[in-house]
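Enquirer: Just coords09.tsv, nothing more (TSV, C-alpha atoms and all ligand atoms):
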chain	number	residue	atom	x	y	z
A	1	MET	CA	-10.18	108.77	19.84
A	2	GLY	CA	-11.24	111.97	18.21
A	3	LEU	CA	-14.05	113.41	16.12
A	4	ARG	CA	-14.21	111.16	13.06
A	5	SER	CA	-16.50	110.66	10.07
A	6	VAL	CA	-18.02	107.25	10.54
A	7	ILE	CA	-19.93	105.46	7.77
A	8	LYS	CA	-23.43	104.87	9.13
A	9	GLY	CA	-24.98	103.46	5.97
A	10	VAL	CA	-24.31	102.69	2.31
A	11	GLY	CA	-26.63	102.71	-0.67
A	12	GLY	CA	-26.70	102.11	-4.38
A	13	TYR	CA	-28.90	102.24	-7.44
A	14	LEU	CA	-28.43	100.81	-10.92
A	15	PRO	CA	-30.76	101.50	-13.86
A	16	GLN	CA	-32.89	98.58	-15.00
A	17	ASN	CA	-31.59	98.38	-18.55
A	18	VAL	CA	-28.58	96.02	-18.83
A	19	VAL	CA	-26.45	96.31	-21.98
A	20	THR	CA	-24.11	93.40	-22.69
A	21	ASN	CA	-20.98	93.42	-24.83
A	22	ALA	CA	-22.96	91.37	-27.36
A	23	ASP	CA	-25.53	94.19	-27.54
A	24	LEU	CA	-22.70	96.64	-28.31
A	25	GLU	CA	-21.40	94.37	-31.09
A	26	LYS	CA	-24.57	95.35	-32.96
A	27	ARG	CA	-23.75	99.03	-32.62
A	28	VAL	CA	-19.98	99.37	-33.17
A	29	ASP	CA	-17.14	97.24	-34.57
A	30	THR	CA	-16.21	95.47	-31.33
A	31	SER	CA	-16.42	92.04	-29.73
A	32	ASP	CA	-17.27	90.59	-26.34
A	33	GLU	CA	-13.80	89.03	-26.36
A	34	TRP	CA	-12.00	92.37	-26.94
A	35	VAL	CA	-14.00	94.27	-24.31
A	36	PHE	CA	-13.69	91.51	-21.69
A	37	GLN	CA	-9.99	90.85	-22.27
A	38	ARG	CA	-8.95	94.52	-22.32
A	39	THR	CA	-11.24	95.81	-19.57
A	40	GLY	CA	-12.92	92.97	-17.65
A	41	ILE	CA	-16.35	94.42	-18.49
A	42	LYS	CA	-19.16	91.97	-19.37
A	43	GLN	CA	-22.18	94.22	-19.05
A	44	ARG	CA	-23.24	97.66	-17.82
A	45	HIS	CA	-26.43	99.44	-16.76
A	46	ILE	CA	-27.71	102.29	-18.92
A	47	ALA	CA	-30.28	104.80	-17.68
A	48	ALA	CA	-33.60	105.32	-19.41
A	49	GLU	CA	-33.78	108.42	-21.61
A	50	ASN	CA	-35.87	110.34	-19.05
A	51	GLU	CA	-33.91	109.06	-16.03
A	52	THR	CA	-31.61	111.78	-14.71
A	53	THR	CA	-28.51	111.73	-12.53
A	54	SER	CA	-30.47	113.25	-9.62
A	55	MET	CA	-33.16	110.56	-9.90
A	56	MET	CA	-30.51	107.85	-9.60
A	57	ALA	CA	-28.74	109.72	-6.79
A	58	THR	CA	-32.03	110.10	-4.91
A	59	LYS	CA	-32.66	106.33	-5.09
A	60	ALA	CA	-29.13	105.64	-3.79
A	61	ALA	CA	-29.71	108.20	-1.01
A	62	LEU	CA	-32.95	106.52	0.08
A	63	ASP	CA	-31.17	103.16	0.11
A	64	ALA	CA	-28.35	104.60	2.28
A	65	LEU	CA	-30.86	106.25	4.67
A	66	SER	CA	-32.68	102.96	5.06
A	67	HIS	CA	-29.41	101.06	5.64
A	68	ALA	CA	-28.38	103.62	8.28
A	69	LYS	CA	-31.92	103.56	9.77
A	70	MET	CA	-31.90	107.34	9.52
A	71	ASP	CA	-34.38	109.95	8.47
A	72	ILE	CA	-33.75	112.82	6.01
A	73	ASN	CA	-34.45	115.27	8.89
A	74	GLN	CA	-31.22	114.09	10.53
A	75	ILE	CA	-29.12	114.99	7.47
A	76	ASP	CA	-27.32	118.36	7.59
A	77	ALA	CA	-25.86	118.45	4.07
A	78	ILE	CA	-25.73	116.63	0.74
A	79	ILE	CA	-22.70	116.43	-1.52
A	80	VAL	CA	-23.06	114.91	-4.97
A	81	ALA	CA	-19.96	114.00	-6.95
A	82	THR	CA	-20.93	114.09	-10.60
A	83	THR	CA	-19.67	114.97	-14.05
A	84	THR	CA	-23.08	114.58	-15.62
A	85	PRO	CA	-25.36	117.05	-13.79
A	86	ASP	CA	-29.08	117.25	-14.59
A	87	ARG	CA	-28.56	120.89	-15.57
A	88	THR	CA	-25.53	123.17	-15.88
A	89	PHE	CA	-26.98	124.79	-12.76
A	90	PRO	CA	-28.31	124.51	-10.11
A	91	ALA	CA	-26.28	121.69	-8.64
A	92	THR	CA	-27.55	118.12	-8.93
A	93	ALA	CA	-27.32	118.00	-5.13
A	94	VAL	CA	-30.15	120.54	-4.76
A	95	HIS	CA	-32.30	118.46	-7.13
A	96	VAL	CA	-31.65	115.53	-4.78
A	97	GLN	CA	-32.36	117.74	-1.76
A	98	ALA	CA	-35.75	118.69	-3.24
A	99	ALA	CA	-36.59	115.11	-4.21
A	100	LEU	CA	-35.84	113.99	-0.65
A	101	GLY	CA	-38.11	116.70	0.74
A	102	MET	CA	-35.25	118.39	2.61
A	103	ALA	CA	-35.63	122.16	3.00
A	104	HIS	CA	-32.96	122.64	5.66
A	105	GLY	CA	-29.15	122.43	5.54
A	106	PHE	CA	-27.24	122.81	2.27
A	107	ALA	CA	-26.33	120.85	-0.84
A	108	PHE	CA	-23.66	121.21	-3.51
A	109	ASP	CA	-21.79	119.26	-6.19
A	110	VAL	CA	-18.15	118.27	-6.44
A	111	GLN	CA	-16.59	117.73	-9.87
A	112	ALA	CA	-13.48	115.60	-10.12
A	113	VAL	CA	-14.75	113.05	-12.68
A	114	CYS	CA	-13.82	109.46	-11.73
A	115	SER	CA	-12.07	110.67	-8.55
A	116	GLY	CA	-15.17	112.65	-7.56
A	117	PHE	CA	-16.31	110.37	-4.77
A	118	VAL	CA	-12.89	110.39	-3.07
A	119	TYR	CA	-12.85	114.20	-3.36
A	120	ALA	CA	-16.39	114.41	-1.94
A	121	LEU	CA	-15.42	112.15	0.97
A	122	SER	CA	-12.48	114.42	1.69
A	123	VAL	CA	-14.65	117.58	1.67
A	124	ALA	CA	-17.30	115.94	3.86
A	125	ASP	CA	-14.68	114.63	6.29
A	126	GLY	CA	-13.22	118.14	6.66
A	127	MET	CA	-16.67	119.58	7.39
A	128	ILE	CA	-17.39	116.93	9.99
A	129	ARG	CA	-14.00	117.20	11.71
A	130	SER	CA	-14.33	120.99	11.90
A	131	GLY	CA	-17.72	120.59	13.57
A	132	GLN	CA	-19.60	122.37	10.77
A	133	VAL	CA	-22.00	119.46	10.23
A	134	LYS	CA	-22.81	116.18	11.97
A	135	ASN	CA	-24.47	114.01	9.31
A	136	ILE	CA	-23.68	114.24	5.60
A	137	LEU	CA	-25.05	112.32	2.66
A	138	VAL	CA	-22.16	111.83	0.22
A	139	LEU	CA	-23.24	110.57	-3.20
A	140	GLY	CA	-21.54	109.70	-6.48
A	141	ALA	CA	-23.97	109.65	-9.41
A	142	GLU	CA	-23.47	109.59	-13.16
A	143	LYS	CA	-25.32	109.31	-16.43
A	144	MET	CA	-22.17	108.81	-18.50
A	145	SER	CA	-24.31	107.38	-21.34
A	146	SER	CA	-25.47	110.91	-22.15
A	147	ILE	CA	-21.92	112.19	-22.79
A	148	LEU	CA	-20.77	109.22	-24.88
A	149	ASP	CA	-20.28	109.16	-28.62
A	150	TRP	CA	-22.14	105.92	-29.27
A	151	ASP	CA	-20.27	105.52	-32.57
A	152	ASP	CA	-16.85	105.65	-30.88
A	153	ARG	CA	-15.89	102.09	-29.98
A	154	THR	CA	-12.89	103.25	-27.94
A	155	THR	CA	-15.14	104.90	-25.31
A	156	CYS	CA	-18.75	103.71	-25.63
A	157	VAL	CA	-17.91	100.19	-24.44
A	158	LEU	CA	-16.37	101.49	-21.21
A	159	PHE	CA	-18.63	103.96	-19.42
A	160	ALA	CA	-22.03	103.46	-17.79
A	161	ASP	CA	-24.66	104.81	-15.40
A	162	GLY	CA	-25.55	104.44	-11.73
A	163	ALA	CA	-25.38	106.02	-8.30
A	164	GLY	CA	-24.10	105.15	-4.86
A	165	GLY	CA	-23.45	106.84	-1.59
A	166	VAL	CA	-22.72	106.80	2.10
A	167	ILE	CA	-23.97	108.59	5.17
A	168	LEU	CA	-21.14	109.96	7.29
A	169	SER	CA	-21.68	110.93	10.91
A	170	GLY	CA	-19.38	112.83	13.24
A	171	GLU	CA	-18.65	110.62	16.25
A	172	GLU	CA	-15.95	110.21	18.86
A	173	SER	CA	-14.24	107.17	17.38
A	174	ASP	CA	-10.90	105.70	16.40
A	175	GLY	CA	-12.48	104.39	13.18
A	176	GLY	CA	-14.28	106.03	10.27
A	177	ILE	CA	-12.33	107.99	7.64
A	178	LEU	CA	-8.71	107.86	8.83
A	179	SER	CA	-7.30	110.06	6.07
A	180	THR	CA	-7.88	111.24	2.52
A	181	HIS	CA	-5.18	112.06	-0.04
A	182	LEU	CA	-6.01	114.17	-3.11
A	183	HIS	CA	-3.97	115.01	-6.19
A	184	SER	CA	-4.44	116.58	-9.59
A	185	ASN	CA	-2.27	117.68	-12.46
A	186	GLY	CA	-3.89	119.91	-15.08
A	187	GLU	CA	-1.03	119.26	-17.50
A	188	PHE	CA	-3.04	116.17	-18.46
A	189	LYS	CA	-6.38	117.93	-18.97
A	190	ASP	CA	-6.41	117.04	-22.70
A	191	MET	CA	-5.95	113.28	-22.27
A	192	LEU	CA	-9.45	112.60	-20.98
A	193	TYR	CA	-12.12	115.26	-21.47
A	194	THR	CA	-15.37	116.22	-23.15
A	195	ASP	CA	-15.15	118.25	-26.34
A	196	GLY	CA	-17.76	120.70	-25.09
A	197	GLY	CA	-18.88	122.75	-22.12
A	198	ALA	CA	-20.99	125.70	-21.02
A	199	SER	CA	-18.40	128.43	-21.74
A	200	THR	CA	-16.97	126.91	-24.93
A	201	THR	CA	-19.55	125.18	-27.11
A	202	ALA	CA	-22.60	125.80	-24.91
A	203	SER	CA	-23.24	122.06	-25.09
A	204	THR	CA	-21.95	119.11	-23.07
A	205	GLY	CA	-19.77	117.52	-25.72
A	206	VAL	CA	-18.76	113.84	-25.67
A	207	ILE	CA	-15.94	111.92	-24.00
A	208	LYS	CA	-12.55	111.87	-25.74
A	209	MET	CA	-9.78	109.74	-24.30
A	210	GLN	CA	-6.23	108.72	-25.10
A	211	GLY	CA	-6.88	105.35	-23.50
A	212	ARG	CA	-3.38	103.89	-23.61
A	213	ASP	CA	-1.81	106.95	-21.95
A	214	VAL	CA	-4.56	107.23	-19.34
A	215	PHE	CA	-3.97	103.56	-18.53
A	216	LYS	CA	-0.24	104.08	-18.07
A	217	TYR	CA	-0.63	107.12	-15.80
A	218	ALA	CA	-3.44	105.47	-13.83
A	219	VAL	CA	-1.22	102.52	-12.92
A	220	THR	CA	1.65	104.85	-11.93
A	221	TYR	CA	-0.33	107.42	-9.93
A	222	LEU	CA	-2.49	104.85	-8.16
A	223	ALA	CA	0.63	102.95	-7.06
A	224	GLU	CA	2.06	106.24	-5.75
A	225	VAL	CA	-1.05	107.26	-3.85
A	226	VAL	CA	-1.58	103.87	-2.17
A	227	ASP	CA	2.07	104.03	-1.07
A	228	GLU	CA	1.44	107.53	0.28
A	229	VAL	CA	-1.48	106.24	2.39
A	230	LEU	CA	0.52	103.31	3.80
A	231	THR	CA	3.52	105.51	4.59
A	232	HIS	CA	1.29	108.16	6.21
A	233	HIS	CA	-0.10	105.56	8.62
A	234	ASN	CA	3.09	103.52	8.88
A	235	LEU	CA	1.12	100.47	7.71
A	236	GLN	CA	2.10	97.32	5.87
A	237	PRO	CA	-0.25	96.24	3.06
A	238	GLU	CA	-1.17	93.10	5.08
A	239	ALA	CA	-3.05	95.37	7.50
A	240	LEU	CA	-5.64	96.11	4.81
A	241	ASP	CA	-8.77	93.99	4.76
A	242	TRP	CA	-10.16	95.34	1.48
A	243	LEU	CA	-9.20	97.33	-1.57
A	244	VAL	CA	-12.25	99.08	-3.01
A	245	PRO	CA	-10.87	100.66	-6.17
A	246	HIS	CA	-12.47	102.84	-8.82
A	247	GLN	CA	-13.80	100.44	-11.43
A	248	ALA	CA	-12.37	101.51	-14.78
A	249	ASN	CA	-10.44	98.49	-15.97
A	250	ILE	CA	-9.71	95.15	-14.30
A	251	ARG	CA	-6.09	95.36	-15.51
A	252	ILE	CA	-5.58	98.69	-13.68
A	253	ILE	CA	-7.20	97.19	-10.56
A	254	GLU	CA	-4.97	94.10	-10.77
A	255	ALA	CA	-1.87	96.28	-11.12
A	256	THR	CA	-2.75	98.18	-7.91
A	257	ALA	CA	-3.52	94.92	-6.08
A	258	LYS	CA	-0.17	93.53	-7.22
A	259	LYS	CA	1.62	96.62	-5.97
A	260	LEU	CA	-0.07	96.05	-2.58
A	261	GLU	CA	0.64	92.30	-2.79
A	262	MET	CA	-3.08	91.79	-2.15
A	263	SER	CA	-4.79	88.69	-3.47
A	264	MET	CA	-7.76	89.46	-5.72
A	265	ASP	CA	-10.16	87.92	-3.19
A	266	LYS	CA	-9.52	90.98	-0.98
A	267	VAL	CA	-10.32	93.32	-3.87
A	268	VAL	CA	-13.91	94.35	-4.55
A	269	THR	CA	-14.56	94.27	-8.29
A	270	THR	CA	-17.82	95.29	-9.91
A	271	VAL	CA	-16.40	96.45	-13.25
A	272	GLN	CA	-17.58	93.19	-14.90
A	273	ASP	CA	-21.22	94.05	-14.12
A	274	HIS	CA	-21.26	97.86	-13.85
A	275	GLY	CA	-18.64	99.10	-16.34
A	276	ASN	CA	-17.02	102.43	-15.48
A	277	THR	CA	-19.63	104.57	-13.71
A	278	SER	CA	-17.11	107.35	-12.92
A	279	ALA	CA	-17.90	108.99	-9.54
A	280	ALA	CA	-20.51	106.31	-8.77
A	281	SER	CA	-18.17	103.35	-9.08
A	282	ILE	CA	-16.58	103.37	-5.59
A	283	PRO	CA	-19.81	103.81	-3.60
A	284	LEU	CA	-21.50	101.18	-5.78
A	285	ALA	CA	-18.63	98.74	-5.12
A	286	LEU	CA	-18.72	99.56	-1.41
A	287	ASN	CA	-22.49	99.06	-1.34
A	288	THR	CA	-22.14	95.69	-3.09
A	289	ALA	CA	-19.52	94.34	-0.68
A	290	VAL	CA	-21.19	95.66	2.48
A	291	LYS	CA	-24.61	94.31	1.50
A	292	ASP	CA	-23.31	90.86	0.49
A	293	GLY	CA	-21.56	90.60	3.85
A	294	ARG	CA	-17.94	90.70	2.67
A	295	ILE	CA	-17.09	94.05	4.30
A	296	LYS	CA	-17.76	93.92	8.04
A	297	ARG	CA	-17.65	96.47	10.85
A	298	GLY	CA	-14.05	97.09	11.90
A	299	ASP	CA	-12.56	96.17	8.49
A	300	LEU	CA	-9.80	98.42	7.14
A	301	ILE	CA	-10.63	99.62	3.62
A	302	LEU	CA	-8.39	101.36	1.14
A	303	THR	CA	-10.21	103.09	-1.66
A	304	GLU	CA	-8.61	104.87	-4.63
A	305	ALA	CA	-9.48	106.48	-7.95
A	306	MET	CA	-7.98	108.23	-10.94
A	307	GLY	CA	-9.70	110.15	-13.69
A	308	GLY	CA	-9.93	113.15	-15.99
A	309	GLY	CA	-7.83	116.16	-15.03
A	310	PHE	CA	-5.91	114.13	-14.17
A	311	THR	CA	-7.32	113.85	-10.69
A	312	TRP	CA	-6.47	111.01	-8.36
A	313	GLY	CA	-6.72	110.19	-4.71
A	314	ALA	CA	-7.28	107.67	-1.97
A	315	ALA	CA	-8.99	107.26	1.38
A	316	LEU	CA	-8.28	104.91	4.27
A	317	ILE	CA	-11.43	103.97	6.16
A	318	ARG	CA	-12.12	101.79	9.19
A	319	TYR	CA	-15.69	100.64	8.42
B	401	LIG	O1	-11.99	106.09	-15.25
B	401	LIG	C1	-11.22	107.07	-15.83
B	401	LIG	C2	-9.94	106.57	-16.28
B	401	LIG	N1	-10.07	105.82	-17.51
B	401	LIG	C3	-9.37	104.71	-17.60
B	401	LIG	O2	-8.80	104.31	-16.61
B	401	LIG	C4	-9.24	104.03	-18.92
B	401	LIG	C5	-7.79	103.69	-19.15
B	401	LIG	N2	-7.55	103.01	-20.40
B	401	LIG	C6	-7.95	101.73	-20.63
B	401	LIG	O3	-8.63	101.13	-19.83
B	401	LIG	C7	-7.46	101.06	-21.90
B	401	LIG	O4	-6.44	101.82	-22.48
B	401	LIG	C8	-8.59	100.81	-22.94
B	401	LIG	C9	-9.51	99.74	-22.44
B	401	LIG	C10	-9.35	102.09	-23.19
B	401	LIG	C11	-7.99	100.34	-24.25
B	401	LIG	O5	-7.20	99.18	-24.05
B	401	LIG	P1	-5.73	99.08	-24.67
B	401	LIG	O6	-5.25	97.74	-24.35
B	401	LIG	O7	-4.96	100.26	-24.15
B	401	LIG	O8	-6.04	99.18	-26.21
B	401	LIG	P2	-5.54	100.28	-27.27
B	401	LIG	O9	-6.18	101.59	-27.02
B	401	LIG	O10	-4.06	100.21	-27.30
B	401	LIG	O11	-6.13	99.68	-28.59
B	401	LIG	C12	-5.72	98.41	-29.11
B	401	LIG	C13	-6.46	98.14	-30.41
B	401	LIG	C14	-6.46	99.33	-31.37
B	401	LIG	O12	-6.33	98.82	-32.67
B	401	LIG	P3	-4.89	98.89	-33.44
B	401	LIG	O13	-4.54	100.35	-33.45
B	401	LIG	O14	-3.97	98.07	-32.56
B	401	LIG	O15	-5.20	98.28	-34.74
B	401	LIG	C15	-7.83	99.90	-31.22
B	401	LIG	O16	-8.28	100.56	-32.38
B	401	LIG	O17	-7.82	97.88	-30.12
B	401	LIG	C16	-8.66	98.68	-30.95
B	401	LIG	N3	-9.89	98.96	-30.24
B	401	LIG	C17	-10.96	98.14	-30.24
B	401	LIG	N4	-11.18	96.97	-30.83
B	401	LIG	C18	-12.36	96.38	-30.61
B	401	LIG	C19	-10.17	100.05	-29.46
B	401	LIG	N5	-11.41	99.92	-28.96
B	401	LIG	C20	-11.91	98.76	-29.42
B	401	LIG	C21	-13.13	98.10	-29.23
B	401	LIG	N6	-13.31	96.90	-29.84
B	401	LIG	N7	-14.11	98.58	-28.45
How would this structure read if it were set down as structure tokens?
Expert:
Amino acid sequence: MGLRSVIKGVGGYLPQNVVTNADLEKRVDTSDEWVFQRTGIKQRHIAAENETTSMMATKAALDALSHAKMDINQIDAIIVATTTPDRTFPATAVHVQAALGMAHGFAFDVQAVCSGFVYALSVADGMIRSGQVKNILVLGAEKMSSILDWDDRTTCVLFADGAGGVILSGEESDGGILSTHLHSNGEFKDMLYTDGGASTTASTGVIKMQGRDVFKYAVTYLAEVVDEVLTHHNLQPEALDWLVPHQANIRIIEATAKKLEMSMDKVVTTVQDHGNTSAASIPLALNTAVKDGRIKRGDLILTEAMGGGFTWGAALIRY
């Protein structure tokens, strides 16, 4: 037993507008067959033009509060992992704080692209274990549709919008977040990036990706980091109840599952319905599997992600 960050509730929000691969066929030279075979994606949710990242994050936060049966007054801090903030500043997290009517505590963003939620979990866990806060709302929220080049078939079929999150509470427990493992290597900063930014073009730019290389490194680094988690805890893969991976590509997910010798029925996949929602993908997958009853209290969950930077990481959680 010790002071641990226990997940008290999970939440998610997906925009109403569903865009299928067939819809994208009308826009770029692609096919449902290509997108599904190469990525596993069938459809994705795309935010309305006036729907911002903080609006989606706020809806996910309310869902998580309701699941945890908690009130915003009990929350000490909000962390939002996002790459697509409402504004360059202030942080999306303070927009969420305002929308939730919270005038106490503090709120800030974490930016690690697709690994953002794992990074945010790690930051929140550190704050809880040090006794700085008791209850934290940790959100991943993205409007990737607003940084896509909708004429670039190599990226516009992949990314999508949504938000998810968890409420972590500091409790004496032998469960909760057992460990987090973060990595980055800036040598790869030009393999997946936006061609703009506040201090360069004074605009956001759009996503550019060397897909094949990103794929190759994702498989390698994710295999390494899941090994690191197992070794750290002296665990065999059979001890895991669930893999909740970042949802970028079903073939990357299958490669990690294979490495862990896990059958795909112990892997939560939402990529077919959600596409790649970057920092929102893990909490959305977690929300899906908790709410449909697959993930139960006491289950051991391994979650992992890899994205632009490159950044990658994993967390081992006893739900
Ligand atoms: O979440 C952050 C991390 N991001 C990722 O994890 C993404 C990692 N990468 C991937 O998931 C895959 O590399 C992609 C799905 C992006 C691409 O799959 P691939 O099997 O690596 O395909 P490729 O890039 O090697 O392209 C194969 C062919 C190319 O044509 P040629 O050069 O062989 O004639 C592409 O031009 O497929 C073509 N292509 C398309 N065709 C139809 C690329 N995009 C499309 C498309 N529709 N949308």
Enquirer: Kindly assemble as JSON lines a list of the segment 31-70 of chain A residues that lie within 12 Å of segment 289-294 of chain A, each paired with its nearest atom pair and their distance in Å to one decimal, using all atoms listed in the file, sorted first by chain and then by ascending residue number.
Expert:
{"residue": "A:Asp63", "atom": "CA", "partner": "A:Lys291", "partner_atom": "CA", "distance": 11.1}
{"residue": "A:Ala64", "atom": "CA", "partner": "A:Lys291", "partner_atom": "CA", "distance": 11.0}
{"residue": "A:His67", "atom": "CA", "partner": "A:Lys291", "partner_atom": "CA", "distance": 9.3}
Enquirer: Please tell me which residues are no farther than 10 Å from (-10.3, 102.2, -13.4) in the file, counting only C-alpha atoms, and write them as a PyMOL selection string.
Expert: chain A and resi 39+114-115+158+214-215+218-219+222+245-253+271+275-278+281+304-307
Enquirer: Identify the residues around (-23.2, 115.3, -8.9) within a radius of 12 Å, measuring from all atoms listed in the file in the coordinates stated by the file, and give them as a PDB file with C-alpha atoms, in the coordinates of the input.
Expert:
ATOM      1  CA  THR A  52     -31.610 111.780 -14.710  1.00  0.00           C
ATOM      2  CA  THR A  53     -28.510 111.730 -12.530  1.00  0.00           C
ATOM      3  CA  SER A  54     -30.470 113.250  -9.620  1.00  0.00           C
ATOM      4  CA  MET A  55     -33.160 110.560  -9.900  1.00  0.00           C
ATOM      5  CA  MET A  56     -30.510 107.850  -9.600  1.00  0.00           C
ATOM      6  CA  ALA A  57     -28.740 109.720  -6.790  1.00  0.00           C
ATOM      7  CA  THR A  58     -32.030 110.100  -4.910  1.00  0.00           C
ATOM      8  CA  ILE A  78     -25.730 116.630   0.740  1.00  0.00           C
ATOM      9  CA  ILE A  79     -22.700 116.430  -1.520  1.00  0.00           C
ATOM     10  CA  VAL A  80     -23.060 114.910  -4.970  1.00  0.00           C
ATOM     11  CA  ALA A  81     -19.960 114.000  -6.950  1.00  0.00           C
ATOM     12  CA  THR A  82     -20.930 114.090 -10.600  1.00  0.00           C
ATOM     13  CA  THR A  83     -19.670 114.970 -14.050  1.00  0.00           C
ATOM     14  CA  THR A  84     -23.080 114.580 -15.620  1.00  0.00           C
ATOM     15  CA  PRO A  85     -25.360 117.050 -13.790  1.00  0.00           C
ATOM     16  CA  ASP A  86     -29.080 117.250 -14.590  1.00  0.00           C
ATOM     17  CA  ARG A  87     -28.560 120.890 -15.570  1.00  0.00           C
ATOM     18  CA  THR A  88     -25.530 123.170 -15.880  1.00  0.00           C
ATOM     19  CA  PHE A  89     -26.980 124.790 -12.760  1.00  0.00           C
ATOM     20  CA  PRO A  90     -28.310 124.510 -10.110  1.00  0.00           C
ATOM     21  CA  ALA A  91     -26.280 121.690  -8.640  1.00  0.00           C
ATOM     22  CA  THR A  92     -27.550 118.120  -8.930  1.00  0.00           C
ATOM     23  CA  ALA A  93     -27.320 118.000  -5.130  1.00  0.00           C
ATOM     24  CA  VAL A  94     -30.150 120.540  -4.760  1.00  0.00           C
ATOM     25  CA  HIS A  95     -32.300 118.460  -7.130  1.00  0.00           C
ATOM     26  CA  VAL A  96     -31.650 115.530  -4.780  1.00  0.00           C
ATOM     27  CA  GLN A  97     -32.360 117.740  -1.760  1.00  0.00           C
ATOM     28  CA  ALA A 107     -26.330 120.850  -0.840  1.00  0.00           C
ATOM     29  CA  PHE A 108     -23.660 121.210  -3.510  1.00  0.00           C
ATOM     30  CA  ASP A 109     -21.790 119.260  -6.190  1.00  0.00           C
ATOM     31  CA  VAL A 110     -18.150 118.270  -6.440  1.00  0.00           C
ATOM     32  CA  GLN A 111     -16.590 117.730  -9.870  1.00  0.00           C
ATOM     33  CA  ALA A 112     -13.480 115.600 -10.120  1.00  0.00           C
ATOM     34  CA  VAL A 113     -14.750 113.050 -12.680  1.00  0.00           C
ATOM     35  CA  CYS A 114     -13.820 109.460 -11.730  1.00  0.00           C
ATOM     36  CA  GLY A 116     -15.170 112.650  -7.560  1.00  0.00           C
ATOM     37  CA  PHE A 117     -16.310 110.370  -4.770  1.00  0.00           C
ATOM     38  CA  TYR A 119     -12.850 114.200  -3.360  1.00  0.00           C
ATOM     39  CA  ALA A 120     -16.390 114.410  -1.940  1.00  0.00           C
ATOM     40  CA  VAL A 138     -22.160 111.830   0.220  1.00  0.00           C
ATOM     41  CA  LEU A 139     -23.240 110.570  -3.200  1.00  0.00           C
ATOM     42  CA  GLY A 140     -21.540 109.700  -6.480  1.00  0.00           C
ATOM     43  CA  ALA A 141     -23.970 109.650  -9.410  1.00  0.00           C
ATOM     44  CA  GLU A 142     -23.470 109.590 -13.160  1.00  0.00           C
ATOM     45  CA  LYS A 143     -25.320 109.310 -16.430  1.00  0.00           C
ATOM     46  CA  MET A 144     -22.170 108.810 -18.500  1.00  0.00           C
ATOM     47  CA  GLY A 162     -25.550 104.440 -11.730  1.00  0.00           C
ATOM     48  CA  ALA A 163     -25.380 106.020  -8.300  1.00  0.00           C
ATOM     49  CA  GLY A 164     -24.100 105.150  -4.860  1.00  0.00           C
ATOM     50  CA  GLY A 165     -23.450 106.840  -1.590  1.00  0.00           C
ATOM     51  CA  SER A 278     -17.110 107.350 -12.920  1.00  0.00           C
ATOM     52  CA  ALA A 279     -17.900 108.990  -9.540  1.00  0.00           C
ATOM     53  CA  ALA A 280     -20.510 106.310  -8.770  1.00  0.00           C
TER      54      ALA A 280
END
Enquirer: Select, from A:Thr303, A:Thr155, A:Thr204, A:Asn287, the residue with the minimum atom-to-atom distance to Ala61 of chain A, counting all atoms listed in the file.
Expert: A:Asn287
Enquirer: With 3 Å on each side, where is the centre of the axis-aligned box around all listed atoms of ligand LIG 401 (chain B), and how long are its edges in Å to one decimal, as JSON?
Expert:
{"center_x": -9.0, "center_y": 101.7, "center_z": -25.0, "size_x": 16.1, "size_y": 16.7, "size_z": 25.5}
Enquirer: I need the residue nearest ligand LIG 401 (chain B) from this list: A:Val133, A:Val28, A:Val267, A:Leu230. Use all atoms listed in the file for the distance.
Expert: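 Closest to ligand LIG 401 (chain B), using all atoms listed in the file: A:Val28.
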Enquirer: With all atoms listed in the file as the atoms that count, which of A:Lys258, A:Lys208, A:His232, A:Lys296 lies nearest to ligand LIG 401 (chain B)?
Expert: A:Lys208
Enquirer: At a cut-off of 12 Å, using all atoms listed in the file, what residues contact Thr30 of chain A? Leave out same-chain residues fewer than 5 positions from it and give the result as a PDB file with C-alpha atoms, keeping the file's coordinate frame.
Expert:
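Produced file selection-v6.pdb, reproduced below:
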ATOM      1  CA  THR A  20     -24.110  93.400 -22.690  1.00  0.00           C
ATOM      2  CA  ASN A  21     -20.980  93.420 -24.830  1.00  0.00           C
ATOM      3  CA  ALA A  22     -22.960  91.370 -27.360  1.00  0.00           C
ATOM      4  CA  ASP A  23     -25.530  94.190 -27.540  1.00  0.00           C
ATOM      5  CA  LEU A  24     -22.700  96.640 -28.310  1.00  0.00           C
ATOM      6  CA  GLU A  25     -21.400  94.370 -31.090  1.00  0.00           C
ATOM      7  CA  VAL A  35     -14.000  94.270 -24.310  1.00  0.00           C
ATOM      8  CA  PHE A  36     -13.690  91.510 -21.690  1.00  0.00           C
ATOM      9  CA  GLN A  37      -9.990  90.850 -22.270  1.00  0.00           C
ATOM     10  CA  ARG A  38      -8.950  94.520 -22.320  1.00  0.00           C
ATOM     11  CA  ASP A 151     -20.270 105.520 -32.570  1.00  0.00           C
ATOM     12  CA  ASP A 152     -16.850 105.650 -30.880  1.00  0.00           C
ATOM     13  CA  ARG A 153     -15.890 102.090 -29.980  1.00  0.00           C
ATOM     14  CA  THR A 154     -12.890 103.250 -27.940  1.00  0.00           C
ATOM     15  CA  THR A 155     -15.140 104.900 -25.310  1.00  0.00           C
ATOM     16  CA  CYS A 156     -18.750 103.710 -25.630  1.00  0.00           C
ATOM     17  CA  VAL A 157     -17.910 100.190 -24.440  1.00  0.00           C
ATOM     18  CA  LEU A 158     -16.370 101.490 -21.210  1.00  0.00           C
TER      19      LEU A 158
END
